[in-house]
>>> print(open('upload-v8.cif').read())   # mmCIF, C-alpha atoms
data_query
loop_
_atom_site.label_atom_id
_atom_site.label_comp_id
_atom_site.auth_asym_id
_atom_site.auth_seq_id
_atom_site.Cartn_x
_atom_site.Cartn_y
_atom_site.Cartn_z
CA MET W 1439 17.77 -29.09 -17.33
CA LEU W 1440 17.74 -29.47 -13.55
CA LEU W 1441 17.82 -26.48 -11.21
CA ILE W 1442 19.04 -27.39 -7.72
CA SER W 1443 18.76 -24.85 -4.90
CA HIS W 1444 18.92 -24.72 -1.12
CA VAL W 1445 18.81 -21.81 1.32
CA THR W 1446 22.34 -22.54 2.62
CA TYR W 1447 23.96 -23.40 -0.73
CA TYR W 1448 24.57 -21.63 -4.02
CA GLY W 1449 22.21 -22.87 -6.72
CA LYS W 1450 23.40 -24.91 -9.68
CA GLN W 1451 21.98 -25.82 -13.10
CA LYS W 1452 22.67 -29.20 -14.68
CA ILE W 1453 21.78 -30.33 -18.19
CA VAL W 1454 20.66 -33.97 -18.11
CA THR W 1455 21.16 -36.16 -21.19
CA ASN W 1456 20.64 -39.83 -21.98
CA SER W 1457 24.17 -40.53 -20.77
CA HIS W 1458 23.04 -39.70 -17.20
CA ALA W 1459 20.69 -42.66 -16.96
CA GLY W 1460 22.36 -43.88 -13.78
CA LEU W 1461 23.08 -42.15 -10.50
CA LEU W 1462 23.78 -38.40 -10.82
CA ASN W 1463 26.08 -36.77 -8.26
CA ILE W 1464 25.84 -33.01 -7.89
CA LYS W 1465 27.88 -31.03 -5.37
CA LEU W 1466 26.66 -27.66 -4.11
CA THR W 1467 28.89 -24.95 -2.71
CA PRO W 1468 27.91 -23.80 0.81
CA ARG W 1469 27.13 -20.13 1.35
CA MET W 1470 26.97 -18.10 4.52
CA ILE W 1471 23.92 -15.95 5.30
CA ASN W 1472 24.55 -13.22 7.84
CA LEU W 1473 21.45 -12.60 9.92
CA ASP W 1474 20.46 -8.98 10.30
CA GLU W 1475 20.21 -7.35 13.67
CA THR W 1476 16.87 -7.09 15.45
CA GLU W 1477 16.37 -4.69 18.33
CA ILE W 1478 13.69 -4.60 21.03
CA ILE W 1479 12.86 -1.08 22.23
CA SER W 1480 11.00 -0.66 25.54
CA GLU W 1481 9.36 -4.04 24.89
CA LYS W 1482 6.78 -2.32 22.67
CA TYR W 1483 8.39 -2.36 19.23
CA LYS W 1484 10.62 -4.79 17.49
CA VAL W 1485 12.94 -3.10 14.99
CA PHE W 1486 14.55 -4.46 11.87
CA LYS W 1487 17.85 -2.65 11.44
CA GLY W 1488 20.91 -4.03 9.82
CA LYS W 1489 24.14 -2.73 11.28
CA HIS W 1490 25.02 -1.02 8.00
CA GLN W 1491 21.57 -0.84 6.41
CA GLU W 1492 18.72 1.56 5.86
CA VAL W 1493 15.26 0.26 4.98
CA VAL W 1494 14.13 1.84 1.70
CA ASP W 1495 10.78 0.05 1.36
CA TYR W 1496 8.96 -3.11 2.38
CA GLU W 1497 5.90 -5.24 1.56
CA CYS W 1498 4.16 -8.18 3.22
CA MET W 1499 4.01 -11.45 1.32
CA ASP W 1500 1.68 -13.82 3.18
CA THR W 1501 3.12 -13.66 6.72
CA ASN W 1502 6.67 -12.96 5.48
CA LEU W 1503 8.22 -9.58 4.80
CA LEU W 1504 10.13 -8.48 1.72
CA ILE W 1505 12.52 -5.63 2.54
CA LEU W 1506 14.40 -3.38 0.11
CA SER W 1507 17.45 -2.06 1.96
CA TYR W 1508 20.59 -0.10 1.21
CA ASN W 1509 23.82 -1.50 2.64
CA PHE W 1510 26.16 1.42 3.41
CA LYS W 1511 29.18 -0.79 4.02
CA LYS W 1512 28.87 -2.65 0.71
CA ASN W 1513 27.48 0.39 -1.12
CA HIS W 1514 24.64 -1.48 -2.81
CA HIS W 1515 20.98 -2.42 -2.43
CA GLU W 1516 19.73 -5.78 -1.16
CA LEU W 1517 16.42 -7.63 -1.17
CA ILE W 1518 15.88 -9.35 2.18
CA LEU W 1519 13.19 -11.92 2.87
CA THR W 1520 12.30 -12.39 6.55
CA ASP W 1521 9.55 -14.06 8.52
CA GLU W 1522 7.19 -11.98 10.65
CA HIS W 1523 9.68 -12.09 13.54
CA PHE W 1524 12.41 -10.50 11.35
CA ASP W 1525 14.40 -13.75 11.15
CA THR W 1526 16.26 -13.64 7.83
CA ILE W 1527 15.28 -16.28 5.27
CA SER W 1528 17.20 -15.01 2.24
CA ILE W 1529 19.35 -12.08 1.07
CA GLU W 1530 19.63 -11.19 -2.61
CA ASP W 1531 22.38 -8.88 -3.87
CA ILE W 1532 20.82 -6.52 -6.46
CA SER W 1533 23.85 -4.29 -7.00
CA HIS W 1534 23.65 -5.00 -10.75
CA LEU W 1535 20.35 -3.08 -11.05
CA LYS W 1536 20.08 0.63 -11.83
CA LYS W 1537 18.87 2.61 -8.82
CA PRO W 1538 16.28 0.37 -7.11
CA LYS W 1539 13.61 2.72 -5.78
CA GLN W 1540 10.67 0.92 -4.24
CA LEU W 1541 8.51 -2.18 -4.00
CA PHE W 1542 5.08 -2.34 -5.61
CA GLN W 1543 2.42 -4.95 -4.84
CA ASP W 1544 -0.16 -5.27 -7.60
CA CYS W 1545 -3.81 -6.24 -7.36
CA THR W 1546 -3.00 -9.95 -7.71
CA GLY W 1547 -0.74 -9.84 -4.64
CA THR W 1548 2.44 -10.12 -6.73
CA CYS W 1549 5.37 -7.92 -5.64
CA HIS W 1550 7.57 -6.01 -8.07
CA LEU W 1551 10.89 -4.26 -7.60
CA LEU W 1552 10.90 -0.87 -9.33
CA THR W 1553 14.13 0.65 -10.57
CA ARG W 1554 14.72 3.87 -12.47
CA ASP W 1555 13.35 2.42 -15.72
CA SER W 1556 12.33 -1.22 -15.16
CA ALA W 1557 10.01 -3.32 -13.02
CA TYR W 1558 10.96 -6.85 -12.01
CA GLN W 1559 8.47 -9.42 -10.79
CA ILE W 1560 9.63 -10.93 -7.50
CA TYR W 1561 9.34 -14.68 -7.16
CA PHE W 1562 10.05 -16.45 -3.90
CA ASP W 1563 9.75 -20.07 -2.84
CA LYS W 1564 9.95 -19.61 0.96
CA SER W 1565 13.74 -19.94 0.89
CA SER W 1566 15.05 -17.68 -1.89
CA VAL W 1567 14.12 -14.63 -3.93
CA GLN W 1568 14.41 -14.27 -7.71
CA LEU W 1569 13.76 -11.35 -10.09
CA ILE W 1570 11.97 -12.34 -13.30
CA TYR W 1571 10.08 -10.85 -16.28
CA PRO W 1572 11.46 -7.27 -16.37
CA ILE W 1573 9.23 -4.70 -18.11
CA ASN W 1574 9.10 -0.92 -18.40
CA VAL W 1575 7.87 0.77 -15.22
CA GLN W 1576 5.32 2.94 -17.03
CA LYS W 1577 3.95 -0.11 -18.81
CA LEU W 1578 3.41 -1.81 -15.45
CA TYR W 1579 1.52 1.22 -14.12
CA ASN W 1580 -0.57 1.42 -17.29
CA LEU W 1581 -1.54 -2.23 -16.91
CA LEU W 1582 -2.06 -2.48 -13.15
CA GLY W 1583 -1.78 0.99 -11.64
CA ASN W 1584 -5.51 1.49 -11.04
CA CYS W 1585 -6.35 -2.16 -10.35
CA LEU W 1586 -7.39 -2.65 -6.71
CA PHE W 1587 -7.79 -6.42 -6.30
CA GLU W 1588 -9.08 -9.55 -7.97
CA THR W 1589 -11.75 -12.06 -7.03
CA ASP W 1590 -12.35 -15.46 -8.60
CA THR W 1591 -14.51 -13.84 -11.28
CA HIS W 1592 -13.62 -10.12 -11.45
CA PHE W 1593 -10.91 -7.48 -11.35
CA ALA W 1594 -11.73 -4.29 -9.38
CA PHE W 1595 -10.58 -0.89 -10.66
CA GLU W 1596 -10.58 2.72 -9.53
CA GLU W 1597 -10.51 5.75 -11.80
CA GLY W 1598 -10.25 9.46 -11.05
CA SER W 1599 -8.97 9.04 -7.51
CA LYS W 1600 -9.03 12.21 -5.44
CA ASN W 1601 -6.34 10.95 -3.09
CA ASN W 1602 -3.69 12.84 -5.03
CA SER W 1603 -3.47 16.43 -3.78
CA LYS W 1604 -2.85 17.81 -7.28
CA ASP W 1605 -6.35 16.64 -8.27
CA LEU W 1606 -7.98 18.57 -5.45
CA TYR W 1607 -7.15 22.04 -6.75
CA ALA W 1608 -7.71 21.71 -10.48
CA SER W 1609 -10.11 24.64 -10.97
CA ARG W 1610 -9.50 28.31 -10.29
CA ASP W 1611 -12.58 29.96 -11.80
CA LEU W 1612 -16.26 29.17 -12.23
CA SER W 1613 -16.08 29.11 -16.03
CA SER W 1614 -14.03 25.90 -15.99
CA LEU W 1615 -16.51 24.03 -13.83
CA PRO W 1616 -18.84 21.52 -15.49
CA ASN W 1617 -22.55 21.27 -14.92
CA LEU W 1618 -24.56 18.16 -14.31
CA ASN W 1619 -25.79 18.01 -17.92
CA SER W 1620 -22.48 18.73 -19.65
CA GLY W 1621 -21.18 15.17 -19.57
CA ASP W 1622 -17.85 16.51 -18.29
CA GLU W 1623 -16.68 13.98 -15.73
CA LYS W 1624 -13.34 15.62 -15.03
CA TRP W 1625 -13.70 15.23 -11.28
CA SER W 1626 -15.66 12.00 -11.10
CA HIS W 1627 -14.41 9.16 -8.92
CA VAL W 1628 -15.41 5.75 -10.28
CA PHE W 1629 -15.23 2.23 -8.88
CA PHE W 1630 -16.02 -0.64 -11.24
CA LEU W 1631 -15.37 -4.33 -11.68
CA MET W 1632 -14.58 -6.22 -14.89
CA ASP W 1633 -15.64 -9.79 -15.54
CA LYS W 1634 -12.58 -11.92 -16.30
CA ASN W 1635 -14.36 -13.96 -18.95
CA THR W 1636 -16.75 -11.56 -20.69
CA LYS W 1637 -14.74 -8.32 -20.07
CA GLU W 1638 -18.05 -6.72 -19.10
CA LYS W 1639 -17.83 -3.68 -16.81
CA VAL W 1640 -20.01 -3.53 -13.71
CA LEU W 1641 -20.27 -0.09 -12.09
CA LEU W 1642 -20.02 -0.17 -8.31
CA ASP W 1643 -20.29 3.58 -7.72
CA LYS W 1644 -19.51 6.95 -9.27
CA VAL W 1645 -18.90 9.97 -7.03
CA PHE W 1646 -19.22 13.36 -8.72
CA GLU W 1647 -18.57 16.26 -6.33
CA TRP W 1648 -18.06 19.24 -8.61
CA GLU W 1649 -20.52 21.25 -6.51
CA LYS W 1650 -17.90 21.35 -3.75
CA LYS W 1651 -15.43 22.87 -6.21
CA ARG W 1652 -17.96 25.56 -7.08
CA ASP W 1653 -18.71 26.32 -3.43
CA ALA W 1654 -14.98 26.49 -2.62
CA ILE W 1655 -14.38 29.03 -5.40
CA GLN W 1656 -17.30 31.15 -4.26
CA HIS W 1657 -16.12 30.99 -0.65
CA ALA W 1658 -12.57 32.03 -1.60
CA SER W 1659 -13.86 34.88 -3.78
CA PHE W 1660 -16.09 36.16 -0.95
CA GLU W 1661 -13.30 36.05 1.65
CA LEU W 1662 -10.55 37.44 -0.59
CA PRO W 1663 -11.24 41.22 -0.12
CA ASN W 1664 -10.84 40.89 3.65
CA SER W 1665 -7.73 38.72 3.59
CA HIS W 1666 -4.05 39.34 2.98
CA ARG W 1667 -3.74 35.91 1.34
CA SER W 1668 -3.80 35.27 -2.39
CA PHE W 1669 -6.81 33.75 -4.13
CA GLY W 1670 -4.89 30.48 -4.65
CA GLU W 1671 -4.17 30.23 -0.92
CA MET W 1672 -7.78 30.96 -0.01
CA LEU W 1673 -9.06 28.38 -2.51
CA ARG W 1674 -6.65 25.72 -1.30
CA PHE W 1675 -7.69 26.32 2.31
CA ALA W 1676 -11.40 26.19 1.44
CA GLU W 1677 -11.04 22.92 -0.46
CA MET W 1678 -8.94 21.34 2.27
CA VAL W 1679 -11.11 22.39 5.22
CA PHE W 1680 -14.66 23.39 4.27
CA PHE W 1681 -15.31 21.54 1.03
CA LYS W 1682 -12.89 18.65 1.04
CA PRO W 1683 -13.83 15.65 -1.13
CA ALA W 1684 -15.23 12.56 0.56
CA PHE W 1685 -12.81 9.69 0.99
CA GLN W 1686 -14.09 6.56 -0.74
CA CYS W 1687 -12.33 3.21 -1.06
CA VAL W 1688 -13.07 -0.43 -1.91
CA LYS W 1689 -11.34 -3.33 -0.16
CA LEU W 1690 -11.43 -7.10 -0.52
CA ILE W 1691 -11.45 -8.82 2.87
CA ASN W 1692 -11.46 -12.60 2.71
CA ASP W 1693 -13.89 -13.20 -0.19
CA THR W 1694 -16.15 -10.22 0.58
CA ILE W 1695 -16.06 -6.75 -1.03
CA TYR W 1696 -16.38 -3.75 1.32
CA TYR W 1697 -17.16 -0.32 -0.13
CA PHE W 1698 -16.26 2.31 2.46
CA ASN W 1699 -18.74 4.96 1.31
CA HIS W 1700 -17.90 7.85 3.61
CA LEU W 1701 -19.92 10.29 1.50
CA LYS W 1702 -23.07 8.48 2.71
CA SER W 1703 -21.58 7.46 6.10
CA GLN W 1704 -21.93 3.76 5.42
CA ILE W 1705 -20.15 0.58 4.40
CA ASP W 1706 -21.74 -1.41 1.58
CA ILE W 1707 -20.91 -5.11 1.77
CA TYR W 1708 -20.98 -7.25 -1.39
CA SER W 1709 -20.37 -10.91 -2.11
CA SER W 1710 -17.60 -11.81 -4.56
CA ASN W 1711 -20.25 -12.07 -7.32
CA LEU W 1712 -21.45 -8.50 -6.53
CA ILE W 1713 -24.63 -9.24 -4.62
CA LEU W 1714 -25.30 -6.59 -1.97
CA LEU W 1715 -25.32 -8.44 1.34
CA ASN W 1716 -25.61 -5.64 3.88
CA THR W 1717 -25.17 -1.94 4.54
CA ILE W 1718 -23.94 -0.68 7.92
CA ASP W 1719 -23.75 2.90 9.19
CA VAL W 1720 -20.45 4.46 10.35
CA ASP W 1721 -19.56 7.72 12.05
CA TYR W 1722 -15.81 7.38 12.81
CA HIS W 1723 -15.07 9.60 9.79
CA ASN W 1724 -16.89 12.53 11.42
CA GLN W 1725 -14.20 12.89 14.09
CA ASP W 1726 -12.15 16.06 13.69
CA ASN W 1727 -8.92 14.11 14.10
CA TRP W 1728 -9.82 11.34 11.63
CA LYS W 1729 -7.23 10.60 8.94
CA PRO W 1730 -8.78 9.34 5.65
CA VAL W 1731 -7.06 5.97 5.61
CA ILE W 1732 -8.41 2.41 5.59
CA ILE W 1733 -5.91 -0.39 6.29
CA THR W 1734 -6.79 -4.07 5.99
CA ASP W 1735 -5.20 -7.15 7.51
CA ILE W 1736 -5.62 -9.77 4.77
CA VAL W 1737 -4.48 -12.57 7.10
CA LYS W 1738 -6.81 -11.81 10.03
CA ASN W 1739 -9.56 -10.36 7.73
CA LYS W 1740 -9.89 -7.10 9.66
CA ALA W 1741 -10.08 -3.39 8.78
CA TYR W 1742 -8.58 -0.39 10.58
CA THR W 1743 -8.61 3.38 10.36
CA ILE W 1744 -6.47 6.13 11.89
CA THR W 1745 -7.03 9.09 14.18
CA THR W 1746 -4.41 11.66 15.14
CA THR W 1747 -3.45 13.20 18.47
CA GLY W 1748 -1.15 16.10 17.75
CA VAL W 1749 1.48 14.56 15.50
CA LYS W 1750 0.96 10.97 16.68
CA TYR W 1751 -1.27 8.33 15.13
CA SER W 1752 -3.71 5.90 16.72
CA LEU W 1753 -5.03 2.81 14.98
CA GLN W 1754 -8.65 1.75 15.55
CA GLU W 1755 -10.25 -1.49 14.39
CA ILE W 1756 -13.51 -1.10 12.44
CA ASN W 1757 -16.15 -3.62 13.46
CA LEU W 1758 -17.32 -4.97 10.09
CA HIS W 1759 -20.63 -6.11 11.59
CA ASP W 1760 -21.92 -2.86 13.09
CA GLY W 1761 -19.49 -0.12 11.95
CA SER W 1762 -18.23 0.81 15.41
CA THR W 1763 -14.54 1.23 16.25
CA GLU W 1764 -12.67 -0.53 19.01
CA GLY W 1765 -9.20 -1.41 20.28
CA VAL W 1766 -7.09 1.77 20.07
CA THR W 1767 -3.39 1.12 19.40
CA ARG W 1768 -1.25 4.24 19.79
CA ILE W 1769 1.94 4.62 17.75
CA ASP W 1770 4.53 6.45 19.82
CA LYS W 1771 6.50 7.74 16.84
CA LEU W 1772 6.03 11.04 15.00
CA PHE W 1773 4.65 10.74 11.46
CA PRO W 1774 5.26 7.04 10.81
CA GLU W 1775 5.39 6.09 7.13
CA LYS W 1776 3.74 3.29 5.18
CA LEU W 1777 1.58 1.66 7.85
CA ILE W 1778 0.69 -1.97 7.13
CA VAL W 1779 -1.24 -4.37 9.34
CA ASN W 1780 -0.54 -8.05 8.77
CA ASN W 1781 -1.40 -11.11 10.87
CA GLY W 1782 -2.15 -9.04 13.97
CA TYR W 1783 1.02 -6.91 13.81
CA ILE W 1784 1.41 -3.29 12.76
CA TYR W 1785 4.44 -2.35 10.68
CA PHE W 1786 5.71 1.11 9.75
CA LEU W 1787 8.80 2.93 8.57
CA TYR W 1788 10.35 5.61 10.76
CA ASN W 1789 13.41 7.80 10.44
CA ASP W 1790 14.81 8.02 13.97
CA LEU W 1791 16.38 11.48 14.10
CA GLY W 1792 17.96 10.57 17.44
CA ASN W 1793 20.04 7.98 15.62
CA VAL W 1794 23.44 9.43 14.69
CA TRP W 1795 23.15 7.86 11.22
CA GLN W 1796 19.50 8.96 10.82
CA LYS W 1797 18.68 5.72 9.05
CA ARG W 1798 15.11 4.72 8.30
CA ARG W 1799 14.09 1.54 10.09
CA LEU W 1800 11.21 -0.91 9.96
CA PHE W 1801 9.22 -1.15 13.19
CA GLN W 1802 6.80 -3.86 14.29
CA GLY W 1803 4.28 -3.65 17.14
CA GLU W 1804 1.42 -5.79 18.43
CA LEU W 1805 -2.13 -4.53 18.12
CA ILE W 1806 -4.51 -4.13 21.03
CA GLU W 1807 -7.33 -6.64 20.71
#
>>> encode(input="upload-v8.cif", output="structure tokens")
Amino acid sequence: MLLISHVTYYGKQKIVTNSHAGLLNIKLTPRMINLDETEIISEKYKVFKGKHQEVVDYECMDTNLLILSYNFKKNHHELILTDEHFDTISIEDISHLKKPKQLFQDCTGTCHLLTRDSAYQIYFDKSSVQLIYPINVQKLYNLLGNCLFETDTHFAFEEGSKNNSKDLYASRDLSSLPNLNSGDEKWSHVFFLMDKNTKEKVLLDKVFEWEKKRDAIQHASFELPNSHRSFGEMLRFAEMVFFKPAFQCVKLINDTIYYFNHLKSQIDIYSSNLILLNTIDVDYHNQDNWKPVIITDIVKNKAYTITTTGVKYSLQEINLHDGSTEGVTRIDKLFPEKLIVNNGYIYFLYNDLGNVWQKRRLFQGELIE
């Protein structure tokens, strides 16, 4: 069977038999692709906004962008593939799917479209997008949900992440707290790698901060008699402000593993075969306005973090040689969503309340070098 496709024609399948030994003529039907509108605002941001579309979600695939949008005029969702300048490469009608919700990029770099009950792997060949291998959404999360990235020899995993707010306030009395000798690792945060061939686990680090939970409970209990707040409110405040967990993360940049160990104020740098190459000190996380986020540009091989000024964000590049920060890029939008840096551009979602339709758009801006 032959599969013939072209970006400006509808695809066609043709079964070839022995009777087609000579010349085979195949006619394709042309199709029109309407390019989506791109807007330049104050020469700082480029905006992807279809005339009748709202951006639901997006992911970067190499230097291209995959956009999940909702078309109000046609009353259905679409998958749009664009280059980094928002020039449309392909549009896929996905109106036959049940409630497309979001895009998910797994640790291998493969993108999936998540619906109410199914996950579809997204395949693209630079000119068209196809949905293949549907599986149950929960099964996908069970398989790849805590996988961070892969190297030539290992998969990296994270367990017990404290990024989810519901995990920060799990204890309300001292009796439920573990002790160091109990073996209870309820609040441990573990990073490990698994060898692809031997399936052997290699522990990178385990963070166990139950002492902060204990101190937060004691602080809330001490302050409670002199406060009009409830114990739950006092405990939440203590854990968020005075005894908040350290933010730890592991990133793969080029072929090097970077462990952002903010508990020890350092970055541990490993080779792909887990040899410790270097350790550098950092202090950007000690700023009062620091937001616990690390963003990597996998094309330019750079890392960034965020500070806040009021309700606005600023992006700072982390020097991966000495740990300093440089090149502040300010984002002049309130509470931007899903920040991604790719090939020297910053992307984010923003719901412009000044827009009469209040549609969420995808913004692109250049970073300060």
>>> resolve_selection(input="upload-v8.cif", expression="the PyMOL selection byres ((chain W and resi 1659) around 12)", output="MDAnalysis selection string")
chainID W and resid 1610:1612 1652:1658 1660:1665 1667:1674 1676
>>> residues_around(input="upload-v8.cif", residues="Thr1553 (chain W)", least_positions_apart="2", cutoff="10 Å", atoms="all atoms listed in the file", output="ChimeraX atom specification")
/W:1535-1541,1550-1551,1555-1558,1574-1575
>>> write_last_selection(input="upload-v8.cif", atoms="C-alpha atoms", output="compact mmCIF listing (two decimals), keeping the file's coordinate frame")
# COMPACT_ATOMS: atom_id res chain seq x y z
CA LEU W 1535 20.35 -3.08 -11.05
CA LYS W 1536 20.08 0.63 -11.83
CA LYS W 1537 18.87 2.61 -8.82
CA PRO W 1538 16.28 0.37 -7.11
CA LYS W 1539 13.61 2.72 -5.78
CA GLN W 1540 10.67 0.92 -4.24
CA LEU W 1541 8.51 -2.18 -4.00
CA HIS W 1550 7.57 -6.01 -8.07
CA LEU W 1551 10.89 -4.26 -7.60
CA ASP W 1555 13.35 2.42 -15.72
CA SER W 1556 12.33 -1.22 -15.16
CA ALA W 1557 10.01 -3.32 -13.02
CA TYR W 1558 10.96 -6.85 -12.01
CA ASN W 1574 9.10 -0.92 -18.40
CA VAL W 1575 7.87 0.77 -15.22
>>> atom_distance(input="upload-v8.cif", atom1="CA of Asp1770 (chain W)", atom2="CA of Asn1727 (chain W)")
16.5 Å
>>> resolve_selection(input="upload-v8.cif", expression="the PyMOL selection byres ((chain W and resi 1516-1522) around 9)", output="ChimeraX atom specification")
/W:1498,1501-1509,1514-1515,1523-1533,1562,1564-1567,1780-1781,1783,1802
>>> write_last_selection(input="upload-v8.cif", atoms="C-alpha atoms", output="short mmCIF file (atom, residue, chain, number, x, y, z; two decimals), keeping the file's coordinate frame")
data_model
loop_
_atom_site.label_atom_id
_atom_site.label_comp_id
_atom_site.auth_asym_id
_atom_site.auth_seq_id
_atom_site.Cartn_x
_atom_site.Cartn_y
_atom_site.Cartn_z
CA CYS W 1498 4.16 -8.18 3.22
CA THR W 1501 3.12 -13.66 6.72
CA ASN W 1502 6.67 -12.96 5.48
CA LEU W 1503 8.22 -9.58 4.80
CA LEU W 1504 10.13 -8.48 1.72
CA ILE W 1505 12.52 -5.63 2.54
CA LEU W 1506 14.40 -3.38 0.11
CA SER W 1507 17.45 -2.06 1.96
CA TYR W 1508 20.59 -0.10 1.21
CA ASN W 1509 23.82 -1.50 2.64
CA HIS W 1514 24.64 -1.48 -2.81
CA HIS W 1515 20.98 -2.42 -2.43
CA HIS W 1523 9.68 -12.09 13.54
CA PHE W 1524 12.41 -10.50 11.35
CA ASP W 1525 14.40 -13.75 11.15
CA THR W 1526 16.26 -13.64 7.83
CA ILE W 1527 15.28 -16.28 5.27
CA SER W 1528 17.20 -15.01 2.24
CA ILE W 1529 19.35 -12.08 1.07
CA GLU W 1530 19.63 -11.19 -2.61
CA ASP W 1531 22.38 -8.88 -3.87
CA ILE W 1532 20.82 -6.52 -6.46
CA SER W 1533 23.85 -4.29 -7.00
CA PHE W 1562 10.05 -16.45 -3.90
CA LYS W 1564 9.95 -19.61 0.96
CA SER W 1565 13.74 -19.94 0.89
CA SER W 1566 15.05 -17.68 -1.89
CA VAL W 1567 14.12 -14.63 -3.93
CA ASN W 1780 -0.54 -8.05 8.77
CA ASN W 1781 -1.40 -11.11 10.87
CA TYR W 1783 1.02 -6.91 13.81
CA GLN W 1802 6.80 -3.86 14.29
#
>>> closest_residue(input="upload-v8.cif", among="W:Asn1724, W:Thr1589, W:Asn1580, W:Ser1710", to="Cys1545 (chain W)", atoms="all atoms listed in the file")
W:Thr1589
>>> resolve_selection(input="upload-v8.cif", expression="the PyMOL selection byres ((chain W and resi 1748-1758) around 9)", output="number ranges by chain")
W: 1696, 1705, 1718, 1722, 1727, 1729, 1740-1747, 1759-1774, 1805, 1807
>>> write_last_selection(input="upload-v8.cif", atoms="C-alpha atoms", output="compact mmCIF listing (two decimals), in the coordinates of the input")
# COMPACT_ATOMS: atom_id res chain seq x y z
CA TYR W 1696 -16.38 -3.75 1.32
CA ILE W 1705 -20.15 0.58 4.40
CA ILE W 1718 -23.94 -0.68 7.92
CA TYR W 1722 -15.81 7.38 12.81
CA ASN W 1727 -8.92 14.11 14.10
CA LYS W 1729 -7.23 10.60 8.94
CA LYS W 1740 -9.89 -7.10 9.66
CA ALA W 1741 -10.08 -3.39 8.78
CA TYR W 1742 -8.58 -0.39 10.58
CA THR W 1743 -8.61 3.38 10.36
CA ILE W 1744 -6.47 6.13 11.89
CA THR W 1745 -7.03 9.09 14.18
CA THR W 1746 -4.41 11.66 15.14
CA THR W 1747 -3.45 13.20 18.47
CA HIS W 1759 -20.63 -6.11 11.59
CA ASP W 1760 -21.92 -2.86 13.09
CA GLY W 1761 -19.49 -0.12 11.95
CA SER W 1762 -18.23 0.81 15.41
CA THR W 1763 -14.54 1.23 16.25
CA GLU W 1764 -12.67 -0.53 19.01
CA GLY W 1765 -9.20 -1.41 20.28
CA VAL W 1766 -7.09 1.77 20.07
CA THR W 1767 -3.39 1.12 19.40
CA ARG W 1768 -1.25 4.24 19.79
CA ILE W 1769 1.94 4.62 17.75
CA ASP W 1770 4.53 6.45 19.82
CA LYS W 1771 6.50 7.74 16.84
CA LEU W 1772 6.03 11.04 15.00
CA PHE W 1773 4.65 10.74 11.46
CA PRO W 1774 5.26 7.04 10.81
CA LEU W 1805 -2.13 -4.53 18.12
CA GLU W 1807 -7.33 -6.64 20.71
>>> atom_distance(input="upload-v8.cif", atom1="CA of Tyr1571 (chain W)", atom2="CA of Asn1584 (chain W)")
20.6 Å
>>> atom_distance(input="upload-v8.cif", atom1="CA of Asp1544 (chain W)", atom2="CA of Leu1586 (chain W)")
7.7 Å
>>> closest_residue(input="upload-v8.cif", among="W:Thr1694, W:Thr1591, W:Asn1716, W:Gln1491", to="Asp1633 (chain W)", atoms="all atoms listed in the file")
W:Thr1591
>>> closest_residue(input="upload-v8.cif", among="W:Leu1712, W:His1666, W:Val1688, W:Ile1707", to="Val1640 (chain W)", atoms="all atoms listed in the file")
W:Leu1712
>>> closest_residue(input="upload-v8.cif", among="W:Tyr1697, W:Glu1492, W:Leu1690, W:Asn1513", to="Gly1547 (chain W)", atoms="only C-alpha atoms")
W:Leu1690
>>> residues_near_point(input="upload-v8.cif", point="(-15.8, 15.2, 1.0)", cutoff="6 Å", atoms="only C-alpha atoms", output="ChimeraX atom specification")
/W:1682-1684
